[in-house]
$ cat query-v6.tsv   # TSV, C-alpha atoms
chain	number	residue	atom	x	y	z
A	1	MET	CA	-178.49	-145.13	-57.07
A	2	ALA	CA	-180.37	-143.49	-59.78
A	3	ALA	CA	-180.38	-139.79	-59.40
A	4	THR	CA	-182.01	-138.78	-62.54
A	5	LEU	CA	-184.29	-135.89	-62.86
A	6	CYS	CA	-187.38	-136.54	-64.92
A	7	ARG	CA	-187.20	-134.48	-67.98
A	8	ILE	CA	-190.30	-133.49	-69.83
A	9	LEU	CA	-190.07	-132.37	-73.38
A	10	LEU	CA	-191.41	-128.83	-73.71
A	11	PRO	CA	-193.38	-128.49	-76.96
A	12	LYS	CA	-192.94	-124.73	-77.11
A	13	GLN	CA	-190.16	-122.51	-75.84
A	14	GLY	CA	-190.97	-120.69	-72.60
A	15	TRP	CA	-193.79	-123.11	-71.87
A	16	LEU	CA	-193.60	-124.33	-68.30
A	17	PRO	CA	-195.25	-127.66	-67.36
A	18	PHE	CA	-198.00	-127.81	-64.79
A	19	THR	CA	-196.14	-130.35	-62.73
A	20	GLN	CA	-192.47	-130.69	-62.13
A	21	CYS	CA	-191.01	-133.98	-61.17
A	22	VAL	CA	-188.84	-133.64	-58.10
A	23	ARG	CA	-189.31	-137.09	-56.65
A	24	HIS	CA	-186.29	-138.56	-58.28
A	25	GLY	CA	-184.07	-135.67	-57.40
A	26	SER	CA	-180.91	-135.94	-55.34
A	27	LYS	CA	-180.80	-136.97	-51.68
A	28	ALA	CA	-180.81	-134.57	-48.76
A	29	VAL	CA	-177.03	-134.45	-48.32
A	30	THR	CA	-175.23	-133.99	-51.58
A	31	ARG	CA	-171.80	-133.01	-52.76
A	32	HIS	CA	-173.18	-130.43	-55.15
A	33	LYS	CA	-175.56	-127.69	-54.10
A	34	ARG	CA	-178.98	-129.22	-54.22
A	35	PRO	CA	-181.56	-127.06	-56.02
A	36	LEU	CA	-183.78	-125.54	-53.36
A	37	HIS	CA	-187.54	-125.63	-53.43
A	38	PHE	CA	-188.73	-122.46	-55.08
A	39	LEU	CA	-190.43	-121.15	-51.95
A	40	LYS	CA	-187.36	-121.85	-49.91
A	41	GLN	CA	-185.28	-120.17	-52.59
A	42	LYS	CA	-187.49	-117.09	-52.38
A	43	LEU	CA	-187.28	-117.06	-48.59
A	44	MET	CA	-183.52	-117.42	-48.63
A	45	SER	CA	-183.12	-114.60	-51.13
A	46	VAL	CA	-185.37	-112.30	-49.08
A	47	THR	CA	-183.62	-113.07	-45.80
A	48	ARG	CA	-180.09	-112.95	-47.19
A	49	TYR	CA	-177.51	-111.35	-44.90
A	50	ILE	CA	-176.23	-108.07	-46.30
A	51	PRO	CA	-173.15	-107.02	-44.33
A	52	PRO	CA	-172.81	-103.30	-43.45
A	53	PRO	CA	-170.59	-101.38	-45.87
A	54	ARG	CA	-167.04	-101.33	-44.54
A	55	PRO	CA	-165.63	-97.82	-44.25
A	56	ALA	CA	-162.55	-96.84	-46.20
A	57	PRO	CA	-159.30	-97.37	-44.26
A	58	PRO	CA	-158.17	-94.29	-42.35
A	59	GLY	CA	-156.02	-92.06	-44.50
A	60	ALA	CA	-157.37	-93.37	-47.80
A	61	TYR	CA	-159.30	-90.21	-48.61
A	62	PRO	CA	-158.57	-86.59	-47.64
A	63	ARG	CA	-160.68	-85.23	-44.77
A	64	GLN	CA	-163.93	-83.57	-45.71
A	65	THR	CA	-164.22	-79.91	-44.77
A	66	ILE	CA	-166.25	-79.51	-41.59
A	67	ARG	CA	-169.41	-77.71	-42.51
A	68	ASP	CA	-170.53	-74.86	-40.26
A	69	GLN	CA	-172.76	-76.39	-37.67
A	70	GLU	CA	-175.07	-74.55	-35.38
A	71	ASP	CA	-173.70	-74.14	-31.88
A	72	ASP	CA	-175.21	-76.22	-29.15
A	73	PRO	CA	-176.78	-74.37	-26.19
A	74	PHE	CA	-173.78	-74.85	-23.90
A	75	THR	CA	-171.49	-73.25	-26.47
A	76	LEU	CA	-173.90	-70.35	-26.83
A	77	LEU	CA	-173.92	-69.88	-23.06
A	78	VAL	CA	-170.12	-69.91	-22.90
A	79	LYS	CA	-169.94	-67.42	-25.76
A	80	LYS	CA	-172.36	-65.10	-23.97
A	81	ASN	CA	-170.18	-65.36	-20.90
A	82	LEU	CA	-167.07	-64.57	-22.93
A	83	LYS	CA	-168.75	-61.58	-24.53
A	84	SER	CA	-169.63	-60.13	-21.13
A	85	VAL	CA	-166.08	-60.83	-19.90
A	86	PHE	CA	-164.52	-58.94	-22.78
A	87	GLN	CA	-166.95	-56.07	-22.45
A	88	GLU	CA	-166.65	-55.57	-18.70
A	89	SER	CA	-162.98	-56.20	-18.06
A	90	LYS	CA	-160.14	-53.91	-19.06
A	91	MET	CA	-157.47	-56.57	-18.72
A	92	VAL	CA	-157.67	-60.08	-20.16
A	93	ALA	CA	-154.40	-62.01	-19.85
A	94	VAL	CA	-153.77	-65.42	-21.43
A	95	VAL	CA	-151.51	-67.72	-19.45
A	96	GLN	CA	-150.31	-71.21	-20.31
A	97	ASN	CA	-150.63	-73.65	-17.45
A	98	SER	CA	-148.09	-76.45	-17.76
A	99	GLY	CA	-148.76	-78.94	-14.98
A	100	SER	CA	-149.61	-76.97	-11.84
A	101	THR	CA	-151.23	-78.83	-8.97
A	102	ALA	CA	-154.59	-78.01	-7.44
A	103	ASP	CA	-152.87	-76.53	-4.35
A	104	GLU	CA	-150.75	-74.18	-6.43
A	105	MET	CA	-153.80	-73.19	-8.46
A	106	MET	CA	-155.75	-72.47	-5.28
A	107	LEU	CA	-152.94	-70.35	-3.85
A	108	LEU	CA	-152.60	-68.42	-7.09
A	109	LYS	CA	-156.35	-67.82	-7.27
A	110	TYR	CA	-156.32	-66.58	-3.67
A	111	LYS	CA	-153.38	-64.21	-4.32
A	112	LEU	CA	-154.98	-62.79	-7.42
A	113	HIS	CA	-158.43	-62.47	-5.86
A	114	LYS	CA	-156.98	-60.11	-3.26
A	115	HIS	CA	-156.19	-57.70	-6.12
A	116	GLY	CA	-159.49	-58.23	-7.87
A	117	ILE	CA	-158.22	-60.53	-10.65
A	118	THR	CA	-160.40	-63.55	-11.43
A	119	VAL	CA	-159.09	-66.76	-12.94
A	120	LYS	CA	-161.34	-68.33	-15.58
A	121	PHE	CA	-161.18	-71.43	-17.75
A	122	PHE	CA	-162.89	-71.70	-21.12
A	123	PRO	CA	-162.74	-74.43	-23.77
A	124	ASN	CA	-160.30	-73.48	-26.51
A	125	GLN	CA	-162.57	-74.35	-29.41
A	126	VAL	CA	-165.37	-72.15	-28.16
A	127	VAL	CA	-162.99	-69.27	-27.48
A	128	ARG	CA	-161.48	-69.55	-30.95
A	129	SER	CA	-164.86	-69.54	-32.66
A	130	PHE	CA	-165.94	-66.56	-30.53
A	131	LEU	CA	-162.77	-64.60	-31.25
A	132	LYS	CA	-163.04	-65.31	-34.98
A	133	ASP	CA	-166.26	-63.29	-35.12
A	134	SER	CA	-165.23	-60.52	-32.74
A	135	THR	CA	-162.66	-57.73	-33.03
A	136	TYR	CA	-160.11	-59.70	-30.97
A	137	SER	CA	-159.34	-62.17	-33.75
A	138	ASN	CA	-155.56	-61.70	-33.39
A	139	MET	CA	-155.68	-63.32	-29.96
A	140	ALA	CA	-156.84	-66.61	-31.45
A	141	PRO	CA	-153.37	-68.21	-31.95
A	142	LEU	CA	-152.69	-67.87	-28.20
A	143	PHE	CA	-155.35	-70.42	-27.31
A	144	ILE	CA	-153.55	-73.71	-27.85
A	145	GLY	CA	-153.15	-76.29	-25.11
A	146	HIS	CA	-154.04	-75.71	-21.47
A	147	THR	CA	-154.76	-71.99	-21.18
A	148	VAL	CA	-156.10	-69.92	-18.32
A	149	LEU	CA	-157.62	-66.44	-18.53
A	150	PHE	CA	-156.83	-63.78	-15.93
A	151	ILE	CA	-159.56	-61.18	-15.97
A	152	SER	CA	-159.82	-57.92	-14.07
A	153	LYS	CA	-161.75	-54.70	-14.37
A	154	GLU	CA	-158.73	-52.57	-13.54
A	155	PRO	CA	-155.43	-53.28	-15.31
A	156	LYS	CA	-153.41	-54.48	-12.32
A	157	VAL	CA	-150.38	-55.68	-14.17
A	158	LYS	CA	-147.69	-55.40	-11.47
A	159	GLU	CA	-149.54	-57.61	-9.01
A	160	MET	CA	-150.28	-60.15	-11.71
A	161	LEU	CA	-146.65	-60.28	-12.83
A	162	SER	CA	-145.40	-60.67	-9.26
A	163	SER	CA	-147.73	-63.60	-8.59
A	164	LEU	CA	-146.80	-65.21	-11.92
A	165	ARG	CA	-143.11	-64.87	-11.12
A	166	THR	CA	-143.55	-66.97	-7.97
A	167	SER	CA	-145.47	-69.74	-9.76
A	168	ARG	CA	-143.25	-72.00	-11.82
A	169	HIS	CA	-145.82	-73.54	-14.11
A	170	MET	CA	-147.70	-70.49	-15.35
A	171	LEU	CA	-146.33	-68.79	-18.45
A	172	LEU	CA	-147.70	-65.43	-19.60
A	173	LEU	CA	-148.38	-65.49	-23.34
A	174	GLY	CA	-150.09	-62.18	-23.96
A	175	ALA	CA	-152.76	-59.81	-22.74
A	176	CYS	CA	-155.46	-57.52	-24.05
A	177	ILE	CA	-155.32	-54.35	-21.93
A	178	ASP	CA	-157.64	-51.46	-22.77
A	179	ASN	CA	-158.52	-53.04	-26.13
A	180	THR	CA	-154.84	-53.23	-27.05
A	181	LEU	CA	-153.21	-56.58	-27.67
A	182	LEU	CA	-149.85	-56.81	-25.92
A	183	SER	CA	-147.17	-59.49	-25.95
A	184	ALA	CA	-145.41	-60.71	-22.79
A	185	GLN	CA	-142.66	-58.09	-23.13
A	186	GLY	CA	-145.32	-55.48	-23.84
A	187	VAL	CA	-147.04	-56.35	-20.58
A	188	VAL	CA	-143.76	-56.00	-18.68
A	189	SER	CA	-143.08	-52.58	-20.22
A	190	TYR	CA	-146.69	-51.57	-19.51
A	191	SER	CA	-146.15	-52.40	-15.86
A	192	LYS	CA	-143.07	-50.15	-15.80
A	193	LEU	CA	-145.03	-47.17	-17.16
A	194	PRO	CA	-145.71	-44.38	-14.64
A	195	SER	CA	-149.28	-43.60	-13.70
A	196	VAL	CA	-151.51	-41.42	-15.88
A	197	ALA	CA	-151.32	-38.41	-13.53
A	198	VAL	CA	-147.52	-38.45	-13.60
A	199	VAL	CA	-147.41	-38.64	-17.37
A	200	GLN	CA	-149.94	-35.81	-17.73
A	201	GLY	CA	-147.91	-33.66	-15.34
A	202	GLU	CA	-144.75	-34.32	-17.35
A	203	LEU	CA	-146.49	-33.39	-20.59
A	204	VAL	CA	-147.92	-30.18	-19.19
A	205	SER	CA	-144.55	-29.13	-17.74
A	206	GLY	CA	-142.82	-29.81	-21.06
A	207	LEU	CA	-145.30	-27.74	-23.00
A	208	THR	CA	-145.24	-24.80	-20.61
A	209	LEU	CA	-141.46	-24.80	-20.18
A	210	LEU	CA	-140.66	-22.14	-22.77
A	211	THR	CA	-143.56	-19.86	-21.87
A	212	SER	CA	-142.68	-20.09	-18.17
A	213	GLN	CA	-139.09	-19.21	-18.95
A	214	THR	CA	-140.11	-16.08	-20.93
A	215	ALA	CA	-142.55	-15.09	-18.18
A	216	ALA	CA	-139.80	-15.43	-15.56
A	217	MET	CA	-137.43	-13.35	-17.71
A	218	LEU	CA	-139.96	-10.57	-18.20
A	219	GLN	CA	-140.62	-10.39	-14.48
A	220	ARG	CA	-136.99	-9.55	-13.75
A	221	HIS	CA	-135.58	-6.05	-13.24
A	222	PRO	CA	-135.79	-4.02	-16.53
A	223	ALA	CA	-132.06	-3.16	-16.45
A	224	GLN	CA	-131.21	-6.86	-16.28
A	225	LEU	CA	-133.67	-7.57	-19.08
A	226	SER	CA	-132.17	-4.89	-21.34
A	227	ALA	CA	-128.61	-6.17	-20.65
A	228	LEU	CA	-129.72	-9.73	-21.53
A	229	LEU	CA	-131.34	-8.55	-24.78
A	230	GLN	CA	-128.25	-6.56	-25.78
A	231	GLN	CA	-126.05	-9.62	-25.17
A	232	HIS	CA	-128.44	-11.72	-27.25
A	233	VAL	CA	-128.26	-9.18	-30.16
A	234	LYS	CA	-124.45	-9.17	-30.01
A	235	GLN	CA	-124.36	-12.97	-30.15
A	236	GLN	CA	-126.77	-13.01	-33.07
A	237	SER	CA	-124.69	-10.48	-35.05
A	238	SER	CA	-121.44	-12.33	-34.29
A	239	GLU	CA	-122.99	-15.60	-35.50
A	240	GLY	CA	-124.39	-13.89	-38.60
A	241	ALA	CA	-120.99	-12.36	-39.63
A	242	PRO	CA	-118.99	-15.67	-39.69
A	243	LYS	CA	-121.87	-17.30	-41.58
A	244	ALA	CA	-121.81	-14.52	-44.19
A	245	GLN	CA	-118.01	-14.95	-44.51
A	246	GLU	CA	-118.46	-18.72	-44.98
A	247	ALA	CA	-121.10	-18.09	-47.63
A	248	THR	CA	-118.77	-15.77	-49.61
B	249	MET	CA	-153.53	-83.41	-25.74
B	250	ALA	CA	-150.43	-85.27	-24.55
B	251	ALA	CA	-148.89	-87.15	-27.42
B	252	SER	CA	-147.24	-89.88	-25.32
B	253	GLY	CA	-149.89	-92.43	-24.39
B	254	LYS	CA	-148.38	-95.36	-22.56
B	255	VAL	CA	-144.72	-94.53	-23.16
B	256	THR	CA	-143.47	-92.38	-20.31
B	257	VAL	CA	-140.64	-89.94	-20.72
B	258	VAL	CA	-137.69	-90.40	-18.37
B	259	LEU	CA	-135.45	-87.43	-17.68
B	260	LYS	CA	-132.69	-89.19	-15.77
B	261	ALA	CA	-129.91	-88.14	-18.11
B	262	VAL	CA	-131.15	-84.58	-18.68
B	263	LYS	CA	-129.68	-81.52	-17.00
B	264	ASN	CA	-132.11	-78.88	-18.23
B	265	ILE	CA	-134.63	-78.16	-20.97
B	266	THR	CA	-134.96	-74.69	-22.49
B	267	VAL	CA	-138.03	-73.87	-24.58
B	268	GLN	CA	-138.35	-70.64	-26.56
B	269	PHE	CA	-141.35	-69.74	-28.67
B	270	CYS	CA	-143.42	-66.84	-29.93
B	271	PRO	CA	-147.09	-67.51	-29.10
B	272	PHE	CA	-148.50	-65.35	-31.90
B	273	GLU	CA	-147.00	-67.55	-34.61
B	274	SER	CA	-149.00	-70.41	-36.06
B	275	ASN	CA	-146.26	-73.07	-35.98
B	276	VAL	CA	-145.95	-73.19	-32.19
B	277	GLY	CA	-148.52	-75.89	-31.36
B	278	SER	CA	-146.13	-78.83	-31.28
B	279	THR	CA	-143.58	-76.93	-29.14
B	280	ARG	CA	-146.25	-75.92	-26.64
B	281	MET	CA	-147.52	-79.48	-26.40
B	282	PHE	CA	-143.95	-80.73	-25.90
B	283	LEU	CA	-143.54	-78.18	-23.09
B	284	SER	CA	-146.77	-79.27	-21.41
B	285	VAL	CA	-145.70	-82.92	-21.62
B	286	MET	CA	-142.27	-82.12	-20.14
B	287	SER	CA	-143.82	-80.03	-17.34
B	288	SER	CA	-146.29	-82.70	-16.27
B	289	HIS	CA	-145.86	-84.26	-12.84
B	290	LYS	CA	-145.03	-87.76	-13.94
B	291	VAL	CA	-142.20	-86.60	-16.14
B	292	ARG	CA	-140.86	-84.11	-13.60
B	293	ALA	CA	-140.90	-86.76	-10.89
B	294	THR	CA	-138.41	-88.89	-12.81
B	295	ASN	CA	-135.74	-86.24	-12.24
B	296	LEU	CA	-136.33	-83.46	-9.75
B	297	ASN	CA	-133.04	-81.76	-10.55
B	298	CYS	CA	-133.93	-81.19	-14.16
B	299	GLU	CA	-135.11	-77.63	-14.83
B	300	VAL	CA	-137.63	-76.73	-17.51
B	301	ILE	CA	-137.02	-73.09	-18.51
B	302	SER	CA	-139.52	-71.54	-20.90
B	303	THR	CA	-139.20	-68.15	-22.59
B	304	VAL	CA	-141.93	-66.29	-24.41
B	305	LYS	CA	-140.63	-64.06	-27.18
B	306	HIS	CA	-142.24	-61.82	-29.77
B	307	ASP	CA	-139.71	-61.58	-32.60
B	308	ARG	CA	-141.12	-64.00	-35.22
B	309	THR	CA	-138.30	-66.46	-34.59
B	310	GLU	CA	-138.89	-70.16	-34.89
B	311	PRO	CA	-139.74	-72.18	-31.80
B	312	VAL	CA	-136.68	-74.01	-30.44
B	313	VAL	CA	-136.26	-76.62	-27.72
B	314	GLU	CA	-132.73	-77.08	-26.39
B	315	ILE	CA	-132.03	-80.05	-24.15
B	316	THR	CA	-128.74	-80.20	-22.23
B	317	TYR	CA	-127.65	-83.61	-20.97
B	318	LEU	CA	-125.58	-84.38	-17.89
B	319	ASP	CA	-122.50	-85.21	-19.97
B	320	GLY	CA	-122.62	-81.87	-21.78
B	321	ASP	CA	-124.31	-82.96	-25.03
B	322	LYS	CA	-127.05	-80.76	-26.44
B	323	LEU	CA	-130.08	-81.72	-28.48
B	324	MET	CA	-131.79	-78.95	-30.42
B	325	LEU	CA	-135.31	-79.51	-31.71
B	326	LYS	CA	-136.65	-76.88	-34.11
B	327	GLY	CA	-140.35	-77.21	-33.62
B	328	ALA	CA	-141.54	-75.16	-36.59
B	329	LYS	CA	-141.97	-78.12	-38.95
B	330	LEU	CA	-141.97	-80.97	-36.41
B	331	ASN	CA	-144.84	-82.89	-34.92
B	332	CYS	CA	-145.07	-83.28	-31.14
B	333	SER	CA	-144.80	-87.08	-31.42
B	334	GLU	CA	-141.72	-86.78	-33.65
B	335	MET	CA	-140.03	-84.47	-31.14
B	336	LEU	CA	-140.88	-86.84	-28.29
B	337	SER	CA	-139.63	-89.92	-30.15
B	338	SER	CA	-136.30	-88.31	-31.06
B	339	PHE	CA	-135.88	-87.07	-27.48
B	340	GLN	CA	-136.68	-90.50	-26.06
B	341	SER	CA	-134.28	-92.27	-28.43
B	342	MET	CA	-131.49	-89.87	-27.41
B	343	CYS	CA	-132.31	-90.39	-23.71
B	344	ALA	CA	-132.28	-94.18	-24.17
B	345	ALA	CA	-128.88	-94.00	-25.88
B	346	LYS	CA	-127.51	-91.89	-23.02
B	347	GLU	CA	-128.84	-94.31	-20.42
B	348	LEU	CA	-127.22	-97.22	-22.25
B	349	GLN	CA	-123.90	-95.38	-22.28
B	350	ALA	CA	-124.23	-94.66	-18.58
B	351	LYS	CA	-125.04	-98.32	-17.83
B	352	LEU	CA	-122.06	-99.51	-19.85
B	353	ALA	CA	-119.80	-97.05	-18.08
B	354	ALA	CA	-121.13	-98.20	-14.68
B	355	ALA	CA	-120.70	-101.89	-15.68
B	356	LYS	CA	-117.08	-101.27	-16.72
B	357	LYS	CA	-116.36	-99.81	-13.30
$ encode --input "query-v6.tsv" --output "structure tokens"
Amino acid sequence: MAATLCRILLPKQGWLPFTQCVRHGSKAVTRHKRPLHFLKQKLMSVTRYIPPPRPAPPGAYPRQTIRDQEDDPFTLLVKKNLKSVFQESKMVAVVQNSGSTADEMMLLKYKLHKHGITVKFFPNQVVRSFLKDSTYSNMAPLFIGHTVLFISKEPKVKEMLSSLRTSRHMLLLGACIDNTLLSAQGVVSYSKLPSVAVVQGELVSGLTLLTSQTAAMLQRHPAQLSALLQQHVKQQSSEGAPKAQEAT
Amino acid sequence: MAASGKVTVVLKAVKNITVQFCPFESNVGSTRMFLSVMSSHKVRATNLNCEVISTVKHDRTEPVVEITYLDGDKLMLKGAKLNCSEMLSSFQSMCAAKELQAKLAAAKK
């Protein structure tokens, strides 16, 4: 079978003929790639499949730094909530919850509610970003894993510790009481502190001890007072004499 | 959050697990995750006699997990430089070895 293409001699270079002989080209099914009709060639090139660029395998490049994105409305709402919580409450305790059931949680919430302590859950990421901007930035490392916040307006530490002691799964990590960050041991020692009135009374009594003693002494009988003063002078002189001897 | 996906942790050969960490340090994440995995219901249900004791300290010491087995052996995992999955895999391999030993001992009898 003759499969010869008609060749026309081109008189000049770059001069294309008006007609091109394709009648004696190859058959439809060939072993080589048959030259396509120009229009078909154009169509095929325009509609060529370009596969999507395959991403680099995981771990090939280091992670890009996450640019600061604007917070979505839910995050803003949660942050507002957190801000009000920190402003209104005197005690904010962070507790790690390791596998407590819903029943245990309910019982704990009920026990704490009787003393005015509310149990709140917040997403860790939001809390961390909120704390980063506020004055409580040192609390940020506490918020890893499943954490629960115990919030109350009055610092009721004893009741909280007693209810935590009964629950096996809750672990006290730290607390912010009266704008002071305390560790777990700090919270325990805070609970053992006496009340403010008692401490004030102790302080006042300590300061007025000496003055009260002198007042009591002066109110005694003058003969007794003079005898006491004479004894005091004798003691002073006897102490002064051995000291002078030691010096010489 | 839990590192073990389909592989469950079995505590049959474990007597107790003691976890100590200082929450204000930055290297405590893996230890805390390990503790939450060990305290989950599925894992606790495998051995109800096993106790998980956790202590919160504040002395800048490294987080430590001490596991005591029924035959007296102890496994100490220092979680400061370890990943949660690494801790779990080493714990599981030790547990599997103990179970094998127990099976062999039972078969001999």
$ closest_residue --input "query-v6.tsv" --among "A:Ala215, A:Val187, A:Ile144, A:Met160" --to "B:Leu283" --atoms "all atoms listed in the file"
A:Ile144
$ residues_near_point --input "query-v6.tsv" --point "(-148.3, -63.9, -33.7)" --cutoff "10 Å" --atoms "only C-alpha atoms" --output "list in words"
Asn138, Met139, Ala140, Pro141, Leu142 and Ser183 of chain A; Cys270, Pro271, Phe272, Glu273, Ser274, Asn275, Val276, His306, Asp307 and Arg308 of chain B
$ interface_residues --input "query-v6.tsv" --of "chain A" --to "chain B" --cutoff "10 Å" --atoms "only C-alpha atoms" --output "MDAnalysis selection string"
chainID A and resid 96:101 138:146 168:174 182:186
$ write_last_selection --input "query-v6.tsv" --atoms "C-alpha atoms" --output "PDB file, keeping the file's coordinate frame"
ATOM      1  CA  GLN A  96    -150.310 -71.210 -20.310  1.00  0.00           C
ATOM      2  CA  ASN A  97    -150.630 -73.650 -17.450  1.00  0.00           C
ATOM      3  CA  SER A  98    -148.090 -76.450 -17.760  1.00  0.00           C
ATOM      4  CA  GLY A  99    -148.760 -78.940 -14.980  1.00  0.00           C
ATOM      5  CA  SER A 100    -149.610 -76.970 -11.840  1.00  0.00           C
ATOM      6  CA  THR A 101    -151.230 -78.830  -8.970  1.00  0.00           C
ATOM      7  CA  ASN A 138    -155.560 -61.700 -33.390  1.00  0.00           C
ATOM      8  CA  MET A 139    -155.680 -63.320 -29.960  1.00  0.00           C
ATOM      9  CA  ALA A 140    -156.840 -66.610 -31.450  1.00  0.00           C
ATOM     10  CA  PRO A 141    -153.370 -68.210 -31.950  1.00  0.00           C
ATOM     11  CA  LEU A 142    -152.690 -67.870 -28.200  1.00  0.00           C
ATOM     12  CA  PHE A 143    -155.350 -70.420 -27.310  1.00  0.00           C
ATOM     13  CA  ILE A 144    -153.550 -73.710 -27.850  1.00  0.00           C
ATOM     14  CA  GLY A 145    -153.150 -76.290 -25.110  1.00  0.00           C
ATOM     15  CA  HIS A 146    -154.040 -75.710 -21.470  1.00  0.00           C
ATOM     16  CA  ARG A 168    -143.250 -72.000 -11.820  1.00  0.00           C
ATOM     17  CA  HIS A 169    -145.820 -73.540 -14.110  1.00  0.00           C
ATOM     18  CA  MET A 170    -147.700 -70.490 -15.350  1.00  0.00           C
ATOM     19  CA  LEU A 171    -146.330 -68.790 -18.450  1.00  0.00           C
ATOM     20  CA  LEU A 172    -147.700 -65.430 -19.600  1.00  0.00           C
ATOM     21  CA  LEU A 173    -148.380 -65.490 -23.340  1.00  0.00           C
ATOM     22  CA  GLY A 174    -150.090 -62.180 -23.960  1.00  0.00           C
ATOM     23  CA  LEU A 182    -149.850 -56.810 -25.920  1.00  0.00           C
ATOM     24  CA  SER A 183    -147.170 -59.490 -25.950  1.00  0.00           C
ATOM     25  CA  ALA A 184    -145.410 -60.710 -22.790  1.00  0.00           C
ATOM     26  CA  GLN A 185    -142.660 -58.090 -23.130  1.00  0.00           C
ATOM     27  CA  GLY A 186    -145.320 -55.480 -23.840  1.00  0.00           C
TER      28      GLY A 186
END
$ closest_residue --input "query-v6.tsv" --among "A:Gln231, A:Thr180, A:Ser189, A:Gln245" --to "A:Lys158" --atoms "all atoms listed in the file"
A:Ser189
$ atom_distance --input "query-v6.tsv" --atom1 "atom CA of A:Phe38" --atom2 "atom CA of A:Pro51"
24.4 Å
$ atom_distance --input "query-v6.tsv" --atom1 "atom CA of B:Ser337" --atom2 "atom CA of B:Thr309"
23.9 Å
$ residues_near_point --input "query-v6.tsv" --point "(-162.8, -56.9, -21.9)" --cutoff "10 Å" --atoms "only C-alpha atoms" --output "PyMOL selection string"
chain A and resi 82-92+136+151-153+176-179
$ closest_residue --input "query-v6.tsv" --among "B:Gln340, B:Thr279, B:Asn264, B:Asn331" --to "B:Asp319" --atoms "all atoms listed in the file"
B:Asn264
$ axis_aligned_box --input "query-v6.tsv" --around "stretch 259-266 of chain B" --padding-each-side "5 Å" --output "lines of an AutoDock Vina configuration file"
center_x = -132.6
center_y = -81.9
center_z = -19.1
size_x = 15.8
size_y = 24.5
size_z = 16.7
$ atom_distance --input "query-v6.tsv" --atom1 "atom CA of A:Val196" --atom2 "atom CA of A:Val157"
14.4 Å
$ residues_around --input "query-v6.tsv" --residues "B:Phe282" --least-positions-apart "5" --cutoff "8 Å" --atoms "all atoms listed in the file" --output "PyMOL selection string"
chain B and resi 332+335-336
$ write_last_selection --input "query-v6.tsv" --atoms "C-alpha atoms" --output "PDB file, in the coordinates of the input"
ATOM      1  CA  CYS B 332    -145.070 -83.280 -31.140  1.00  0.00           C
ATOM      2  CA  MET B 335    -140.030 -84.470 -31.140  1.00  0.00           C
ATOM      3  CA  LEU B 336    -140.880 -86.840 -28.290  1.00  0.00           C
TER       4      LEU B 336
END
